[in-house]
Structures are given as C-alpha cells and as structure tokens.
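Below: final16.cif (mmCIF, C-alpha atoms)
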```cif
data_start
#
loop_
_atom_site.label_atom_id
_atom_site.label_comp_id
_atom_site.auth_asym_id
_atom_site.auth_seq_id
_atom_site.Cartn_x
_atom_site.Cartn_y
_atom_site.Cartn_z
CA MET A 1 63.71 70.45 110.64
CA PRO A 2 67.17 70.92 112.23
CA THR A 3 68.73 74.22 111.22
CA SER A 4 71.97 76.01 112.06
CA TYR A 5 71.38 79.09 114.22
CA ALA A 6 73.64 81.85 115.47
CA TYR A 7 73.68 84.31 118.34
CA PHE A 8 74.32 87.54 116.47
CA GLU A 9 73.86 91.16 117.54
CA LYS A 10 72.17 89.95 120.74
CA ARG A 11 69.55 87.81 118.99
CA ILE A 12 69.22 84.18 118.00
CA VAL A 13 68.79 84.11 114.22
CA PRO A 14 69.19 81.54 111.41
CA LEU A 15 72.86 81.28 110.50
CA VAL A 16 72.16 82.49 106.96
CA GLU A 17 71.04 85.83 108.42
CA ALA A 18 74.21 86.40 110.48
CA ARG A 19 76.32 88.60 108.20
CA LEU A 20 79.12 91.07 108.93
CA PRO A 21 79.78 94.31 106.99
CA VAL A 22 82.87 94.13 104.77
CA MET A 23 84.56 96.91 106.75
CA THR A 24 84.34 95.04 110.07
CA HIS A 25 87.69 95.54 111.83
CA ALA A 26 88.00 91.84 112.73
CA PHE A 27 87.64 90.90 109.07
CA LEU A 28 90.18 93.49 107.93
CA TYR A 29 92.81 92.83 110.61
CA GLY A 30 92.06 89.52 112.36
CA THR A 31 91.23 91.33 115.63
CA ALA A 32 89.05 88.62 117.15
CA VAL A 33 89.35 85.68 119.51
CA PHE A 34 87.40 82.44 119.35
CA GLU A 35 86.69 79.09 120.89
CA GLY A 36 85.71 75.70 119.52
CA ILE A 37 83.30 73.64 121.63
CA ARG A 38 82.12 70.12 120.87
CA GLY A 39 78.56 69.01 121.39
CA ASN A 40 78.47 65.21 121.30
CA TRP A 41 75.21 63.42 120.55
CA SER A 42 74.11 60.74 123.04
CA GLU A 43 71.60 58.35 121.46
CA GLU A 44 70.92 56.73 124.83
CA ARG A 45 70.05 60.02 126.52
CA ASP A 46 68.55 61.81 123.49
CA GLU A 47 70.72 64.80 124.40
CA ILE A 48 73.67 66.76 123.10
CA LEU A 49 76.47 66.83 125.66
CA LEU A 50 78.59 69.98 125.57
CA PHE A 51 82.18 69.22 126.54
CA ARG A 52 83.50 71.52 129.27
CA PRO A 53 81.73 74.68 128.08
CA ARG A 54 82.60 76.64 131.23
CA GLU A 55 86.31 76.09 130.68
CA HIS A 56 86.00 77.19 127.07
CA PHE A 57 84.15 80.37 128.00
CA GLU A 58 86.65 81.09 130.77
CA ARG A 59 89.37 80.84 128.13
CA ILE A 60 87.63 83.14 125.65
CA LYS A 61 87.27 85.69 128.46
CA MET A 62 91.02 85.41 129.03
CA SER A 63 91.74 85.73 125.30
CA ALA A 64 89.49 88.80 125.09
CA GLN A 65 91.35 90.36 128.02
CA ILE A 66 94.68 89.90 126.26
CA MET A 67 93.31 91.41 123.03
CA LYS A 68 91.47 94.33 124.68
CA ILE A 69 88.08 93.07 123.49
CA ALA A 70 85.18 93.88 125.80
CA LEU A 71 83.12 90.77 126.56
CA PRO A 72 80.66 91.93 129.24
CA GLN A 73 78.75 88.65 129.64
CA ASP A 74 79.98 86.51 132.50
CA VAL A 75 80.71 82.81 132.07
CA ASP A 76 77.25 81.72 133.28
CA GLU A 77 75.58 84.00 130.73
CA LEU A 78 77.79 82.71 127.93
CA VAL A 79 77.00 79.09 128.83
CA ASP A 80 73.29 79.91 128.93
CA ILE A 81 73.39 81.56 125.47
CA CYS A 82 75.26 78.52 124.14
CA GLU A 83 72.65 76.12 125.51
CA GLN A 84 69.82 78.18 124.01
CA VAL A 85 71.34 78.23 120.53
CA VAL A 86 72.18 74.51 120.56
CA ARG A 87 68.65 73.71 121.73
CA ARG A 88 67.10 75.92 119.06
CA CYS A 89 69.06 74.20 116.26
CA GLY A 90 67.41 70.86 117.00
CA PHE A 91 70.34 68.74 115.80
CA ARG A 92 70.47 65.10 116.87
CA GLU A 93 74.08 64.53 115.87
CA ASP A 94 77.52 65.80 116.87
CA VAL A 95 77.88 69.57 116.55
CA TYR A 96 80.60 72.19 116.64
CA ILE A 97 80.05 75.51 118.41
CA ARG A 98 82.14 78.56 117.48
CA PRO A 99 81.96 81.56 119.87
CA ILE A 100 83.78 84.69 118.66
CA ALA A 101 84.50 87.96 120.48
CA TYR A 102 85.55 90.52 117.92
CA LYS A 103 86.28 94.13 117.01
CA SER A 104 83.02 95.04 115.28
CA GLY A 105 83.77 98.69 114.45
CA GLU A 106 83.90 99.64 110.78
CA VAL A 107 87.18 101.54 110.86
CA ILE A 108 90.47 101.51 109.01
CA GLY A 109 93.76 101.10 110.88
CA PRO A 110 95.42 98.24 112.80
CA ARG A 111 94.84 98.93 116.48
CA LEU A 112 92.95 97.61 119.51
CA HIS A 113 91.88 100.87 121.14
CA ASP A 114 88.83 102.96 120.20
CA VAL A 115 87.18 100.18 118.18
CA ALA A 116 83.74 98.82 119.10
CA ASP A 117 83.40 95.18 120.24
CA ASP A 118 80.73 92.51 119.88
CA TYR A 119 80.15 88.79 120.40
CA LEU A 120 78.64 86.09 118.21
CA MET A 121 78.31 82.32 118.19
CA PHE A 122 77.10 79.73 115.70
CA VAL A 123 76.43 75.98 115.64
CA LEU A 124 77.05 73.46 112.84
CA PRO A 125 76.84 69.67 112.48
CA PHE A 126 80.41 68.33 112.68
CA GLY A 127 81.94 64.85 112.46
CA ASN A 128 85.53 63.69 112.94
CA TYR A 129 88.21 66.20 111.91
CA LEU A 130 91.02 63.64 111.72
CA ASP A 131 91.04 59.84 111.60
CA VAL A 132 90.79 58.82 115.26
CA GLU A 133 91.04 55.10 114.50
CA ALA A 134 93.45 54.40 111.65
CA GLY A 135 95.83 57.21 112.60
CA ILE A 136 97.40 60.11 110.75
CA ARG A 137 100.66 60.90 109.00
CA CYS A 138 102.37 64.16 110.03
CA GLN A 139 105.09 66.41 108.67
CA THR A 140 107.20 68.78 110.71
CA SER A 141 106.42 72.05 108.99
CA SER A 142 108.87 74.51 107.46
CA TRP A 143 106.59 77.20 108.95
CA ARG A 144 107.63 77.95 112.52
CA ARG A 145 105.06 78.50 115.26
CA VAL A 146 104.49 82.21 115.89
CA PRO A 147 106.17 83.13 119.22
CA ASP A 148 104.20 84.59 122.12
CA THR A 149 106.22 87.78 121.79
CA SER A 150 104.67 88.29 118.33
CA ILE A 151 101.08 87.05 118.82
CA PRO A 152 99.97 85.69 122.23
CA ALA A 153 100.03 81.89 122.00
CA ARG A 154 97.68 81.33 124.96
CA ALA A 155 94.95 83.41 123.32
CA LYS A 156 92.98 81.93 120.41
CA VAL A 157 93.47 84.93 118.15
CA ASN A 158 91.82 84.63 114.74
CA GLY A 159 94.70 86.30 112.92
CA LEU A 160 97.19 83.82 114.40
CA TYR A 161 95.60 80.97 112.45
CA VAL A 162 97.17 82.17 109.20
CA ASN A 163 100.25 80.46 110.65
CA SER A 164 98.26 77.24 111.06
CA ALA A 165 96.72 77.49 107.59
CA LEU A 166 100.13 77.77 105.94
CA ALA A 167 101.43 74.74 107.84
CA LYS A 168 98.32 72.61 107.23
CA THR A 169 98.21 73.26 103.48
CA GLU A 170 101.94 72.63 103.12
CA ALA A 171 101.55 69.27 104.87
CA MET A 172 98.54 68.18 102.84
CA GLU A 173 100.05 69.26 99.53
CA ASN A 174 103.10 67.16 100.45
CA GLY A 175 100.91 64.10 100.98
CA PHE A 176 100.51 64.23 104.78
CA ASP A 177 97.39 64.58 106.94
CA GLU A 178 98.61 67.18 109.41
CA ALA A 179 101.51 69.47 110.28
CA ILE A 180 103.54 69.67 113.46
CA MET A 181 105.11 73.10 113.93
CA LEU A 182 108.36 73.80 115.71
CA SER A 183 109.22 76.84 117.80
CA ASP A 184 111.83 79.39 116.66
CA ASP A 185 114.51 77.41 118.49
CA GLY A 186 113.48 74.16 116.79
CA HIS A 187 111.51 72.46 119.56
CA VAL A 188 108.12 70.79 119.10
CA SER A 189 105.27 73.23 119.60
CA GLU A 190 101.82 72.34 118.15
CA GLY A 191 99.89 70.90 115.28
CA SER A 192 97.93 73.27 113.07
CA GLY A 193 95.09 73.14 115.57
CA GLU A 194 96.07 70.54 118.16
CA ASN A 195 98.37 69.90 121.10
CA VAL A 196 101.06 67.23 120.70
CA VAL A 197 101.64 64.36 123.14
CA ILE A 198 104.24 61.58 123.01
CA LEU A 199 104.67 58.43 125.08
CA ARG A 200 108.25 57.54 126.01
CA HIS A 201 109.37 55.10 128.70
CA HIS A 202 105.80 54.83 130.08
CA ARG A 203 105.51 58.60 130.54
CA LEU A 204 103.23 61.00 128.67
CA ILE A 205 105.12 64.11 127.61
CA THR A 206 103.74 67.32 126.10
CA PRO A 207 105.57 70.58 125.26
CA GLU A 208 105.81 73.10 128.04
CA ARG A 209 103.68 76.23 127.72
CA SER A 210 106.66 78.45 127.05
CA ASP A 211 107.10 76.60 123.72
CA ASN A 212 104.26 78.76 122.36
CA VAL A 213 101.46 76.25 122.86
CA LEU A 214 97.80 76.90 123.51
CA GLU A 215 96.72 75.81 126.99
CA GLY A 216 94.50 73.04 125.67
CA ILE A 217 91.31 72.07 127.47
CA THR A 218 91.15 68.69 125.74
CA LEU A 219 94.84 68.20 126.50
CA ALA A 220 94.33 68.90 130.22
CA SER A 221 91.36 66.51 130.28
CA VAL A 222 93.27 63.70 128.57
CA MET A 223 96.28 64.12 130.85
CA GLN A 224 94.03 63.96 133.91
CA LEU A 225 92.47 60.74 132.62
CA ALA A 226 95.95 59.33 132.02
CA GLN A 227 96.98 60.09 135.59
CA ASP A 228 93.76 59.14 137.36
CA GLU A 229 92.69 56.10 135.35
CA LEU A 230 95.91 54.67 133.89
CA GLY A 231 98.37 55.76 136.59
CA LEU A 232 100.73 57.30 134.05
CA GLU A 233 103.24 59.99 134.87
CA VAL A 234 102.51 63.20 132.96
CA ILE A 235 105.34 65.63 132.12
CA GLU A 236 105.44 69.11 130.56
CA ARG A 237 108.86 69.77 129.05
CA THR A 238 110.65 70.80 125.88
CA ILE A 239 110.53 68.10 123.19
CA ASP A 240 113.14 67.78 120.45
CA ARG A 241 112.01 67.06 116.90
CA SER A 242 113.92 63.77 116.87
CA GLU A 243 111.96 62.57 119.91
CA LEU A 244 108.90 62.36 117.67
CA TYR A 245 110.75 59.73 115.61
CA VAL A 246 111.63 57.51 118.58
CA ALA A 247 108.43 57.89 120.61
CA ASP A 248 106.61 54.70 121.59
CA GLU A 249 103.34 56.44 120.73
CA CYS A 250 102.24 59.90 119.66
CA PHE A 251 98.85 61.57 119.41
CA LEU A 252 97.26 64.97 118.87
CA THR A 253 94.51 66.40 121.07
CA GLY A 254 92.03 69.18 120.49
CA THR A 255 88.36 70.08 120.31
CA ALA A 256 88.14 69.07 116.66
CA ALA A 257 90.74 66.28 116.76
CA HIS A 258 89.64 64.57 120.02
CA ILE A 259 92.54 62.09 120.46
CA SER A 260 94.04 61.40 117.02
CA PRO A 261 96.88 58.85 116.91
CA VAL A 262 99.98 59.80 114.91
CA ILE A 263 101.40 56.73 113.15
CA GLU A 264 104.10 58.45 111.08
CA VAL A 265 106.19 61.64 111.29
CA ASP A 266 108.36 62.79 108.37
CA ARG A 267 107.98 59.36 106.74
CA ARG A 268 109.27 57.63 109.88
CA ARG A 269 107.00 55.12 111.57
CA VAL A 270 106.01 56.00 115.14
CA GLY A 271 106.08 52.96 117.41
CA SER A 272 104.38 50.05 115.68
CA GLY A 273 102.98 52.31 112.98
CA ALA A 274 99.44 51.71 114.21
CA LEU A 275 97.11 52.82 117.02
CA GLY A 276 99.10 52.21 120.21
CA PRO A 277 97.68 50.50 123.34
CA VAL A 278 97.91 53.57 125.61
CA THR A 279 96.33 55.85 123.01
CA LYS A 280 93.58 53.27 122.47
CA LYS A 281 92.80 53.13 126.21
CA LEU A 282 92.75 56.92 126.47
CA GLN A 283 90.43 57.15 123.48
CA ALA A 284 87.99 54.70 125.09
CA LEU A 285 88.06 56.60 128.39
CA PHE A 286 87.69 59.96 126.68
CA PHE A 287 84.80 58.95 124.43
CA ASP A 288 82.94 57.43 127.39
CA VAL A 289 83.23 60.81 129.12
CA LEU A 290 82.09 62.69 126.00
CA ARG A 291 79.01 60.49 125.63
CA GLY A 292 78.08 60.74 129.31
CA ARG A 293 78.88 57.11 130.13
CA ASN A 294 81.35 57.84 132.95
CA GLN A 295 79.68 59.38 136.00
CA LYS A 296 83.02 60.11 137.65
CA TYR A 297 83.49 62.92 135.13
CA ALA A 298 79.84 63.88 134.75
CA ASP A 299 80.65 67.51 135.56
CA TRP A 300 82.74 67.71 132.37
CA VAL A 301 79.60 67.70 130.22
CA VAL A 302 76.48 69.88 130.10
CA ALA A 303 73.37 68.21 128.65
CA VAL A 304 71.11 70.01 126.19
CA LYS A 305 67.82 68.55 124.97
CA PRO A 306 67.36 69.55 121.30
CA ALA A 307 64.13 71.27 120.33
CA GLY A 308 61.61 69.11 118.51
CA GLU A 309 61.44 71.65 115.73
CA ALA A 310 63.60 74.68 115.04
CA ALA A 311 61.76 77.89 115.91
CA PRO A 312 60.72 80.06 112.92
CA ALA A 313 63.07 82.92 112.07
CA ALA A 314 60.29 85.42 112.67
CA ASN A 315 60.20 84.36 116.31
CA ALA A 316 63.93 84.78 116.90
CA ALA A 317 64.10 86.00 120.46
CA LYS A 318 65.70 89.27 121.50
CA MET A 319 68.21 88.43 124.20
CA ASN A 320 69.73 90.44 127.00
CA ALA A 321 73.40 91.30 126.64
#
```
With the file now loaded, output its structure as structure tokens.
Amino acid sequence: MPTSYAYFEKRIVPLVEARLPVMTHAFLYGTAVFEGIRGNWSEERDEILLFRPREHFERIKMSAQIMKIALPQDVDELVDICEQVVRRCGFREDVYIRPIAYKSGEVIGPRLHDVADDYLMFVLPFGNYLDVEAGIRCQTSSWRRVPDTSIPARAKVNGLYVNSALAKTEAMENGFDEAIMLSDDGHVSEGSGENVVILRHHRLITPERSDNVLEGITLASVMQLAQDELGLEVIERTIDRSELYVADECFLTGTAAHISPVIEVDRRRVGSGALGPVTKKLQALFFDVLRGRNQKYADWVVAVKPAGEAAPAANAAKMNA
C-alpha cells in the first residue's frame, strides 16, 4: 500500500516516525531552508517524473550557504536520496517532495553560528495548488515583500514565509484566491509562493531579481519555452502595480502553482477575464514536458519507478550521509 516516507536522521522511515524535538532551533527561530519539487505521474510510462531535481538541489545548496547551514551531501547524493524515498513510497499519482536543511541543535538564542545542522526530506501526494484552467483572482497585498536586506530573497528561508502566510490569508479572507506582494518601493514582486509574469505588447515580462523575487526554476523553464517554442521576447524589468491592470495576460508560476492564469487583479479584469491564448499554449507545452511527452526537454525530468509495495518500517535502510 502506498505510504508517505521521509529521509530523517540519515534513514528512510515512515513519515509518521519523523518527529523533531520541540527545542529544535529551526522550529524556534525559522532557521531552515527548503525546496519544493514536483513528481508528476505518467500513466503511459508507469513512472513518476521528477521535475528538474538537480536544479532544485543546487538551489537548496545555495540557500544553505547563505544561511550558514552545513549540507555536506553533493547534488548527486541529494538526487539519489530523493529517488530512493519517492520509489519507496510507491505512489502512482502526482507527489510533492519537500527537502529541508535546518538548524537541528536544541539551543536557545537567535543565531546561525555554533548550532548543529541536519537534513530531511518527505514525500506526499499532491494535486493542483491553484486552478490552472479556470484562472484565479488576485489582490495586491497590504503586506510588502520582505527586502533582501532583511531576509535573503533568493534563499528559500522557512522563516521568510510568515510574510507569505500573512499575504495569502489576507487575500483569501477578502474573497480572493491569491496575493500579489509589492516591494517596499511599490513595484510588483511575487505572489505568496509564485513568480509573476505579464504579457504586454507580445512580450513576456517578469520582475527583475532586485525586486526581491526568488529565482524561480519553474519561471526559468516557462520563459525558455516561451522563447524557444513560441518565439516570444522575454524581459526582466520592474513592473508597476497598474501594469497588472492593463496586461493582456497574467499568470503565476511555481512548483505548486505550475502555470496558473490570473483573470482578475484588485477586482479589475485582466485581458478578456479568461485563460489567455499565450498562457494556454505555454500550459500545454509545460504539461507535455512534465509528463515526459516532449523529448526535446527530456533532461528536465528524472524518472522514478514506484515500488510495488512500500517496504516495512522495520526494514528502513540506514543510509550514508
């Protein structure tokens, strides 16, 4: 029977057995970095296809470097651990993989030095995060995106996501599906967990990195598809809030969100108020890549054959760090 497993304290164990002490530094102070990786089920191939795992593990290594978290495994080792855990779970559906490098010491005091580090990862079944077909309604949040000079924007720091949580809940309690945060100077930055892209005058535009955005792996992939397959010009530049209102199309990208069309911002219709033609084409291209149907981008996915049955907990293998 398919079961969620975790890599925890250098072993693969059932997720229910992966528990942290209440004094763990990362829990007390948010001193951890993470990634989100999609595993997309291919019925035709009877495999789960991991989307760009190397790039995700390269980014968590970078995040750990910024946050002074020791992550001794190299990228190949991290990919191998990921494949083993996904295989062990035995899921034959879309999954979400969450690797976390964290301060594991049980100490009091906000700091990064002289605190022990560790690494864990778990796998869960996971469907669509936002409506990728009908589209979503967004609100520009009253909560500003945390600047890089306060918490590094290009690192996926756990504690930073308090900012996202405040914005997301505000938007949903106001009747919207998602928030779009602005930078301190009022320019478009990010969604609560997604990059923002607009289409204007046949060009795809996304905020420049200095506007406190995460360097999105899904974003980079979608922009490459737009250039290579649709011949669109791709631009990174500052975007004013009002440009969201007059965009021909708008969408959000991210591991969880895939490509989610934005049909309304601040109760103003975006474009036709429905899934736009460019977004629709990009979605089709992107989902073909995710499901392994486009050999041109075959190196963007890593195939994992799920185990027939999940291994018993008693046989959880000790793994090398």
Can you build me a table of region 95-202 of chain A residues sitting at most 9 Å from region 268-285 of chain A, with the closest atom pair per residue and its distance in Å to one decimal, using all atoms listed in the file, sorted by chain and residue number, as CSV?
```
residue,atom,partner,partner_atom,distance
A:Val132,CA,A:Gln283,CA,8.4
A:Glu133,CA,A:Leu275,CA,7.0
A:Ala134,CA,A:Leu275,CA,6.7
A:Gly135,CA,A:Leu275,CA,6.4
A:Arg137,CA,A:Arg269,CA,9.0
A:Leu199,CA,A:Val278,CA,8.3
```
Neighbours of Lys68 (chain A) within 12 Å (only C-alpha atoms; same-chain residues fewer than 6 positions away dropped), as a VMD selection string?
chain A and resid 31 to 33 60 to 62 101 to 103 111 to 118 155 157
Identify all residues satisfying the PyMOL selection byres ((chain A and resi 154) around 7) in the given file; provide them as number ranges by chain.
A: 152-153, 155-156, 213-215
Given the file shown, enumerate the residues that the PyMOL selection byres ((chain A and resi 181) around 7) captures and present them as a count of residues only.
13
Please write the residues picked by the PyMOL selection byres ((chain A and resi 206) around 12) on this file as an NGL selection string.
:A and (187-190 or 194-200 or 203-205 or 207-211 or 213-216 or 219-220 or 222-223 or 233-240 or 243-244 or 247 or 250-253)
Can you work out the spacing between CA of Gly90 (chain A) and CA of Glu58 (chain A) in Å, to one decimal?
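Straight-line distance from CA of Gly90 (chain A) to CA of Glu58 (chain A) works out to 25.8 Å.
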Once 5 Å is added on each side, what are the centre and the three edge lengths, in Å to one decimal, of the axis-aligned box enclosing the listed atoms of region 6-13 of chain A? Present them as JSON.
```
{"center_x": 71.6, "center_y": 86.5, "center_z": 117.5, "size_x": 15.5, "size_y": 19.3, "size_z": 16.5}
```
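Between CA of Glu17 (chain A) and CA of Cys89 (chain A) the separation is 14.2 Å.
Nearest to Leu71 (chain A) of all the residues A:Val162, A:Ile37, A:Tyr119, A:Ser104 is A:Tyr119, based on only C-alpha atoms.
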With all atoms listed in the file as the atoms that count, which of A:Pro53, A:Gly231, A:Gly39, A:Gly105 lies nearest to Ile81 (chain A)?
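Of the candidates, the smallest distance to Ile81 (chain A) is held by A:Pro53.
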